[in-house]
$ cat entry_4.cif   # mmCIF, C-alpha atoms
data_coords
loop_
_atom_site.label_atom_id
_atom_site.label_comp_id
_atom_site.auth_asym_id
_atom_site.auth_seq_id
_atom_site.Cartn_x
_atom_site.Cartn_y
_atom_site.Cartn_z
CA GLY A 1 0.00 0.00 0.00
CA ARG A 2 0.94 3.61 -0.36
CA PRO A 3 2.61 5.32 2.62
CA HIS A 4 -0.14 7.89 3.18
CA MET A 5 -2.81 5.20 3.38
CA ARG A 6 -0.67 3.07 5.72
CA ALA A 7 -0.40 6.13 7.98
CA PHE A 8 -4.14 6.76 7.73
CA HIS A 9 -5.15 3.20 8.62
CA GLY A 10 -2.40 2.79 11.21
CA SER A 11 -3.49 6.01 12.89
CA TRP A 12 -7.16 5.18 13.24
CA ILE A 13 -6.55 1.55 14.24
CA LEU A 14 -4.12 2.54 17.00
CA PHE A 15 -6.34 5.44 18.08
CA ASN A 16 -9.31 3.05 18.20
CA SER A 17 -7.26 0.67 20.36
CA ALA A 18 -6.39 3.57 22.65
CA TRP A 19 -10.04 4.50 23.17
CA LEU A 20 -10.93 0.85 23.73
CA LEU A 21 -8.28 0.78 26.44
CA TRP A 22 -9.34 4.15 27.90
CA PHE A 23 -13.03 3.27 28.25
CA SER A 24 -12.74 -0.45 29.01
CA MET A 25 -13.22 -0.06 32.75
CA SER A 26 -16.37 2.08 32.62
CA PRO A 27 -18.90 -0.70 31.97
CA LEU A 28 -17.31 -2.78 34.75
CA LEU A 29 -17.52 -0.12 37.48
CA PRO A 30 -20.97 -1.20 38.77
CA ILE A 31 -19.69 -4.78 39.04
CA MET A 32 -16.53 -3.60 40.78
CA LYS A 33 -18.71 -1.66 43.23
CA GLU A 34 -20.89 -4.71 43.96
CA THR A 35 -18.06 -7.21 44.37
CA SER A 36 -14.85 -5.53 45.48
CA ILE A 37 -14.65 -1.81 46.10
CA ASP A 38 -16.55 0.21 48.65
CA MET A 39 -17.60 3.28 46.65
CA THR A 40 -20.56 5.53 46.07
CA GLN A 41 -22.01 6.79 42.81
CA GLN A 42 -20.09 10.03 43.40
CA ASP A 43 -16.89 7.98 43.70
CA ILE A 44 -17.60 6.40 40.32
CA TRP A 45 -18.05 9.86 38.81
CA LEU A 46 -14.81 11.01 40.42
CA SER A 47 -12.96 8.01 39.00
CA ASN A 48 -14.38 8.88 35.56
CA MET A 49 -13.07 12.43 35.92
CA CYS A 50 -9.64 11.15 36.96
CA ALA A 51 -9.57 9.00 33.85
CA LEU A 52 -9.97 12.20 31.84
CA VAL A 53 -7.61 14.55 33.69
CA GLY A 54 -4.45 12.68 32.75
CA THR A 55 -5.11 13.15 29.07
CA ILE A 56 -5.15 16.95 29.32
CA VAL A 57 -1.60 17.20 30.67
CA VAL A 58 -0.31 14.45 28.39
CA ARG A 59 -1.67 16.17 25.26
CA LEU A 60 0.30 19.32 26.10
CA ILE A 61 3.49 17.29 26.41
CA LEU A 62 2.94 15.19 23.29
CA GLY A 63 2.89 18.05 20.77
CA PRO A 64 6.59 18.90 21.13
CA LEU A 65 7.46 15.19 21.35
CA CYS A 66 5.72 14.59 18.00
CA ASP A 67 7.71 17.46 16.47
CA GLU A 68 10.90 15.81 17.69
CA PHE A 69 10.22 12.08 17.19
CA GLY A 70 7.22 11.80 14.86
CA GLY A 71 3.64 10.78 15.49
CA LYS A 72 3.83 7.02 14.92
CA ASP A 73 6.54 6.29 17.47
CA ILE A 74 4.94 8.48 20.14
CA LEU A 75 1.52 6.93 19.48
CA VAL A 76 2.84 3.38 19.82
CA ALA A 77 4.89 4.19 22.94
CA LEU A 78 1.94 5.83 24.70
CA LEU A 79 -0.45 3.02 23.77
CA VAL A 80 1.89 0.31 25.08
CA THR A 81 2.74 2.30 28.23
CA CYS A 82 -0.92 2.84 29.12
CA ALA A 83 -1.80 -0.79 28.37
CA ILE A 84 0.40 -1.86 31.27
CA PRO A 85 -1.75 -0.44 34.12
CA CYS A 86 -4.89 -1.73 32.38
CA GLY A 87 -3.45 -5.22 32.06
CA LEU A 88 -2.37 -5.14 35.71
CA ALA A 89 -5.54 -3.44 36.99
CA GLY A 90 -6.99 -6.70 38.27
CA ALA A 91 -3.97 -7.15 40.52
CA LEU A 92 -3.55 -3.48 41.44
CA ILE A 93 -7.09 -2.37 42.32
CA HIS A 94 -8.13 -3.18 45.88
CA ASN A 95 -9.75 0.06 47.09
CA PHE A 96 -11.00 3.38 45.79
CA ALA A 97 -7.58 5.06 45.96
CA SER A 98 -5.97 2.36 43.83
CA LEU A 99 -8.91 2.54 41.39
CA VAL A 100 -8.41 6.29 40.93
CA THR A 101 -4.66 5.85 40.51
CA VAL A 102 -4.99 3.13 37.88
CA ARG A 103 -7.74 5.00 36.00
CA SER A 104 -5.59 8.16 35.98
CA LEU A 105 -2.67 6.24 34.50
CA ILE A 106 -4.83 4.54 31.88
CA GLY A 107 -6.48 7.90 31.11
CA CYS A 108 -3.21 9.24 29.77
CA VAL A 109 -3.90 7.13 26.67
CA GLY A 110 -6.48 9.75 25.66
CA GLY A 111 -3.49 11.83 24.63
CA THR A 112 -3.06 9.57 21.60
CA LEU A 113 -5.26 12.01 19.70
CA VAL A 114 -2.24 14.29 19.27
CA PRO A 115 0.21 11.81 17.70
CA ALA A 116 -2.56 10.12 15.69
CA GLN A 117 -3.56 13.43 14.13
CA PHE A 118 0.07 14.48 13.69
CA TRP A 119 0.90 11.22 11.90
CA VAL A 120 -2.01 11.60 9.47
CA SER A 121 -1.37 15.29 8.84
CA CYS A 122 2.22 14.58 7.79
CA HIS A 123 1.06 12.30 4.97
CA PHE A 124 -1.72 14.29 3.31
CA THR A 125 -1.73 17.52 1.35
CA PRO A 126 -3.58 20.53 2.79
CA GLU A 127 -6.38 20.00 0.27
CA CYS A 128 -7.43 16.71 1.85
CA ALA A 129 -5.69 16.64 5.25
CA GLY A 130 -8.80 17.83 7.08
CA VAL A 131 -10.96 15.03 5.69
CA ALA A 132 -8.28 12.43 6.41
CA MET A 133 -7.77 13.64 9.99
CA ALA A 134 -11.50 13.90 10.70
CA THR A 135 -12.14 10.42 9.35
CA ALA A 136 -9.22 8.85 11.23
CA ALA A 137 -10.25 10.60 14.45
CA GLY A 138 -13.89 9.58 14.04
CA TRP A 139 -13.11 5.96 13.34
CA GLY A 140 -10.61 5.98 16.17
CA ALA A 141 -13.06 7.43 18.68
CA LEU A 142 -15.43 4.56 17.92
CA GLY A 143 -13.17 2.57 20.25
CA GLY A 144 -15.01 4.17 23.17
CA GLY A 145 -18.30 2.65 22.03
CA LEU A 146 -16.56 -0.57 21.13
CA ALA A 147 -15.31 -0.79 24.73
CA GLN A 148 -18.89 -0.59 26.02
CA VAL A 149 -20.07 -3.37 23.73
CA LEU A 150 -17.05 -5.66 24.08
CA MET A 151 -16.54 -5.35 27.82
CA GLY A 152 -20.20 -5.43 28.86
CA SER A 153 -21.60 -7.88 26.32
CA ILE A 154 -18.77 -10.19 25.32
CA ILE A 155 -15.59 -10.11 27.41
CA TYR A 156 -17.02 -9.89 30.94
CA PRO A 157 -19.78 -12.47 30.28
CA SER A 158 -17.16 -14.79 28.74
CA MET A 159 -15.01 -14.44 31.83
CA LEU A 160 -18.04 -15.30 33.98
CA CYS A 161 -18.38 -18.55 32.06
CA ILE A 162 -14.67 -19.30 32.41
CA THR A 163 -14.55 -18.55 36.15
CA GLY A 164 -17.77 -20.34 37.09
CA ASP A 165 -19.69 -17.08 37.72
CA ASP A 166 -17.04 -15.50 39.95
CA ALA A 167 -17.93 -11.83 39.31
CA GLU A 168 -14.88 -10.36 41.05
CA LEU A 169 -12.37 -12.60 39.30
CA SER A 170 -14.19 -12.03 36.01
CA TRP A 171 -13.87 -8.23 36.03
CA ARG A 172 -10.23 -8.55 37.05
CA LEU A 173 -9.48 -10.93 34.18
CA ALA A 174 -11.61 -8.99 31.69
CA LEU A 175 -9.33 -5.95 31.99
CA THR A 176 -6.40 -7.92 30.60
CA VAL A 177 -8.15 -8.29 27.24
CA PRO A 178 -8.11 -4.62 26.11
CA ALA A 179 -4.49 -4.39 27.26
CA ILE A 180 -3.54 -7.38 25.12
CA LEU A 181 -5.54 -6.04 22.17
CA SER A 182 -3.87 -2.63 22.46
CA ILE A 183 -0.36 -4.04 22.63
CA SER A 184 -1.00 -6.34 19.70
CA ALA A 185 -2.52 -3.55 17.55
#
$ encode --input "entry_4.cif" --output "structure tokens"
Amino acid sequence: GRPHMRAFHGSWILFNSAWLLWFSMSPLLPIMKETSIDMTQQDIWLSNMCALVGTIVVRLILGPLCDEFGGKDILVALLVTCAIPCGLAGALIHNFASLVTVRSLIGCVGGTLVPAQFWVSCHFTPECAGVAMATAAGWGALGGGLAQVLMGSIIYPSMLCITGDDAELSWRLALTVPAILSISA
């Protein structure tokens, strides 16, 4: 394939994986509350906000890094780095403080918007760069919805079958799947 199309498809696939990773815990929070972690609805909202805050700071840092090292390498490095706390979340989360910490670390993956857009913009002329970036970003952001469907309807229920209906073990194991998918993307 041509280099600009490899960049386009690579960008949206990795960005989609990042959003899958970023939003993978959200559909499991009610189960986590029922089985493992003493938290209120306000605590869940706070953990959602913490998952967002990390991305704001990271995006400011990533712009200059993309200028120096390029979008693809930064995108891959951030995706793999943020997959680690997601993959280990089942072992790391034991209370609300550890939940917020892990969600904040995973939330940094939201910064992948910057290198994904940078990577695409470097391969398209100004006449079509906007369409290419908008399409890649839109397809990438679908990972957030994909996380809801996969985690709530396929991955968690599959883990329930594997663990003999052990809800706590199932949510802990389920979080390894988006991490593995993100690293393998």
$ atom_distance --input "entry_4.cif" --atom1 "atom CA of Ala134 of chain A" --atom2 "atom CA of Pro64 of chain A"
21.5 Å
$ resolve_selection --input "entry_4.cif" --expression "the PyMOL selection byres ((chain A and resi 115) around 8)" --output "list in words"
Leu62, Gly63, Cys66, Gly70, Gly71, Lys72, Ile74, Leu75, Gly111, Thr112, Leu113, Val114, Ala116, Gln117, Phe118 and Trp119 of chain A
$ resolve_selection --input "entry_4.cif" --expression "the PyMOL selection byres ((chain A and resi 95) around 8)" --output "list in words"
Ser36, Ile37, Asp38, Ile93, His94, Phe96, Ala97, Ser98 and Leu99 of chain A
$ closest_residue --input "entry_4.cif" --among "A:Trp19, A:Trp139, A:Trp45, A:Phe124" --to "Cys82 of chain A" --atoms "all atoms listed in the file"
A:Trp19
$ axis_aligned_box --input "entry_4.cif" --around "segment 175-181 of chain A" --padding-each-side "6 Å" --output "JSON"
{"center_x": -6.4, "center_y": -6.3, "center_z": 27.1, "size_x": 17.8, "size_y": 15.9, "size_z": 21.8}
$ residues_around --input "entry_4.cif" --residues "Gly107 of chain A" --least-positions-apart "4" --cutoff "10 Å" --atoms "all atoms listed in the file" --output "compact mmCIF listing (two decimals) with C-alpha atoms, in the frame of the given file"
# COMPACT_ATOMS: atom_id res chain seq x y z
CA ALA A 18 -6.39 3.57 22.65
CA TRP A 19 -10.04 4.50 23.17
CA LEU A 21 -8.28 0.78 26.44
CA TRP A 22 -9.34 4.15 27.90
CA PHE A 23 -13.03 3.27 28.25
CA ASN A 48 -14.38 8.88 35.56
CA MET A 49 -13.07 12.43 35.92
CA CYS A 50 -9.64 11.15 36.96
CA ALA A 51 -9.57 9.00 33.85
CA LEU A 52 -9.97 12.20 31.84
CA VAL A 53 -7.61 14.55 33.69
CA GLY A 54 -4.45 12.68 32.75
CA THR A 55 -5.11 13.15 29.07
CA ILE A 56 -5.15 16.95 29.32
CA VAL A 58 -0.31 14.45 28.39
CA CYS A 82 -0.92 2.84 29.12
CA CYS A 86 -4.89 -1.73 32.38
CA THR A 101 -4.66 5.85 40.51
CA VAL A 102 -4.99 3.13 37.88
CA ARG A 103 -7.74 5.00 36.00
CA GLY A 111 -3.49 11.83 24.63
$ closest_residue --input "entry_4.cif" --among "A:Ala136, A:Ile154, A:Ala141, A:Ile106" --to "Val120 of chain A" --atoms "only C-alpha atoms"
A:Ala136
$ closest_residue --input "entry_4.cif" --among "A:Ser170, A:Ser182, A:Thr125, A:Thr176" --to "Ile31 of chain A" --atoms "all atoms listed in the file"
A:Ser170
$ atom_distance --input "entry_4.cif" --atom1 "atom CA of Ser153 of chain A" --atom2 "atom CA of Ala89 of chain A"
19.8 Å
$ residues_around --input "entry_4.cif" --residues "Pro27 of chain A" --least-positions-apart "4" --cutoff "12 Å" --atoms "only C-alpha atoms" --output "PDB file with C-alpha atoms, in the coordinates of the input"
ATOM      1  CA  LEU A  20     -10.930   0.850  23.730  1.00  0.00           C
ATOM      2  CA  TRP A  22      -9.340   4.150  27.900  1.00  0.00           C
ATOM      3  CA  PHE A  23     -13.030   3.270  28.250  1.00  0.00           C
ATOM      4  CA  ILE A  31     -19.690  -4.780  39.040  1.00  0.00           C
ATOM      5  CA  MET A  32     -16.530  -3.600  40.780  1.00  0.00           C
ATOM      6  CA  LYS A  33     -18.710  -1.660  43.230  1.00  0.00           C
ATOM      7  CA  ILE A  44     -17.600   6.400  40.320  1.00  0.00           C
ATOM      8  CA  ASN A  48     -14.380   8.880  35.560  1.00  0.00           C
ATOM      9  CA  GLY A 144     -15.010   4.170  23.170  1.00  0.00           C
ATOM     10  CA  GLY A 145     -18.300   2.650  22.030  1.00  0.00           C
ATOM     11  CA  LEU A 146     -16.560  -0.570  21.130  1.00  0.00           C
ATOM     12  CA  ALA A 147     -15.310  -0.790  24.730  1.00  0.00           C
ATOM     13  CA  GLN A 148     -18.890  -0.590  26.020  1.00  0.00           C
ATOM     14  CA  VAL A 149     -20.070  -3.370  23.730  1.00  0.00           C
ATOM     15  CA  LEU A 150     -17.050  -5.660  24.080  1.00  0.00           C
ATOM     16  CA  MET A 151     -16.540  -5.350  27.820  1.00  0.00           C
ATOM     17  CA  GLY A 152     -20.200  -5.430  28.860  1.00  0.00           C
ATOM     18  CA  SER A 153     -21.600  -7.880  26.320  1.00  0.00           C
ATOM     19  CA  ILE A 154     -18.770 -10.190  25.320  1.00  0.00           C
ATOM     20  CA  ILE A 155     -15.590 -10.110  27.410  1.00  0.00           C
ATOM     21  CA  TYR A 156     -17.020  -9.890  30.940  1.00  0.00           C
ATOM     22  CA  PRO A 157     -19.780 -12.470  30.280  1.00  0.00           C
ATOM     23  CA  TRP A 171     -13.870  -8.230  36.030  1.00  0.00           C
ATOM     24  CA  ALA A 174     -11.610  -8.990  31.690  1.00  0.00           C
ATOM     25  CA  LEU A 175      -9.330  -5.950  31.990  1.00  0.00           C
TER      26      LEU A 175
END
$ closest_residue --input "entry_4.cif" --among "A:Ser121, A:Ser24, A:Thr40, A:Thr163" --to "Val177 of chain A" --atoms "all atoms listed in the file"
A:Ser24
$ closest_residue --input "entry_4.cif" --among "A:Gln42, A:Thr135, A:Ser104, A:Thr35" --to "Ser11 of chain A" --atoms "only C-alpha atoms"
A:Thr135
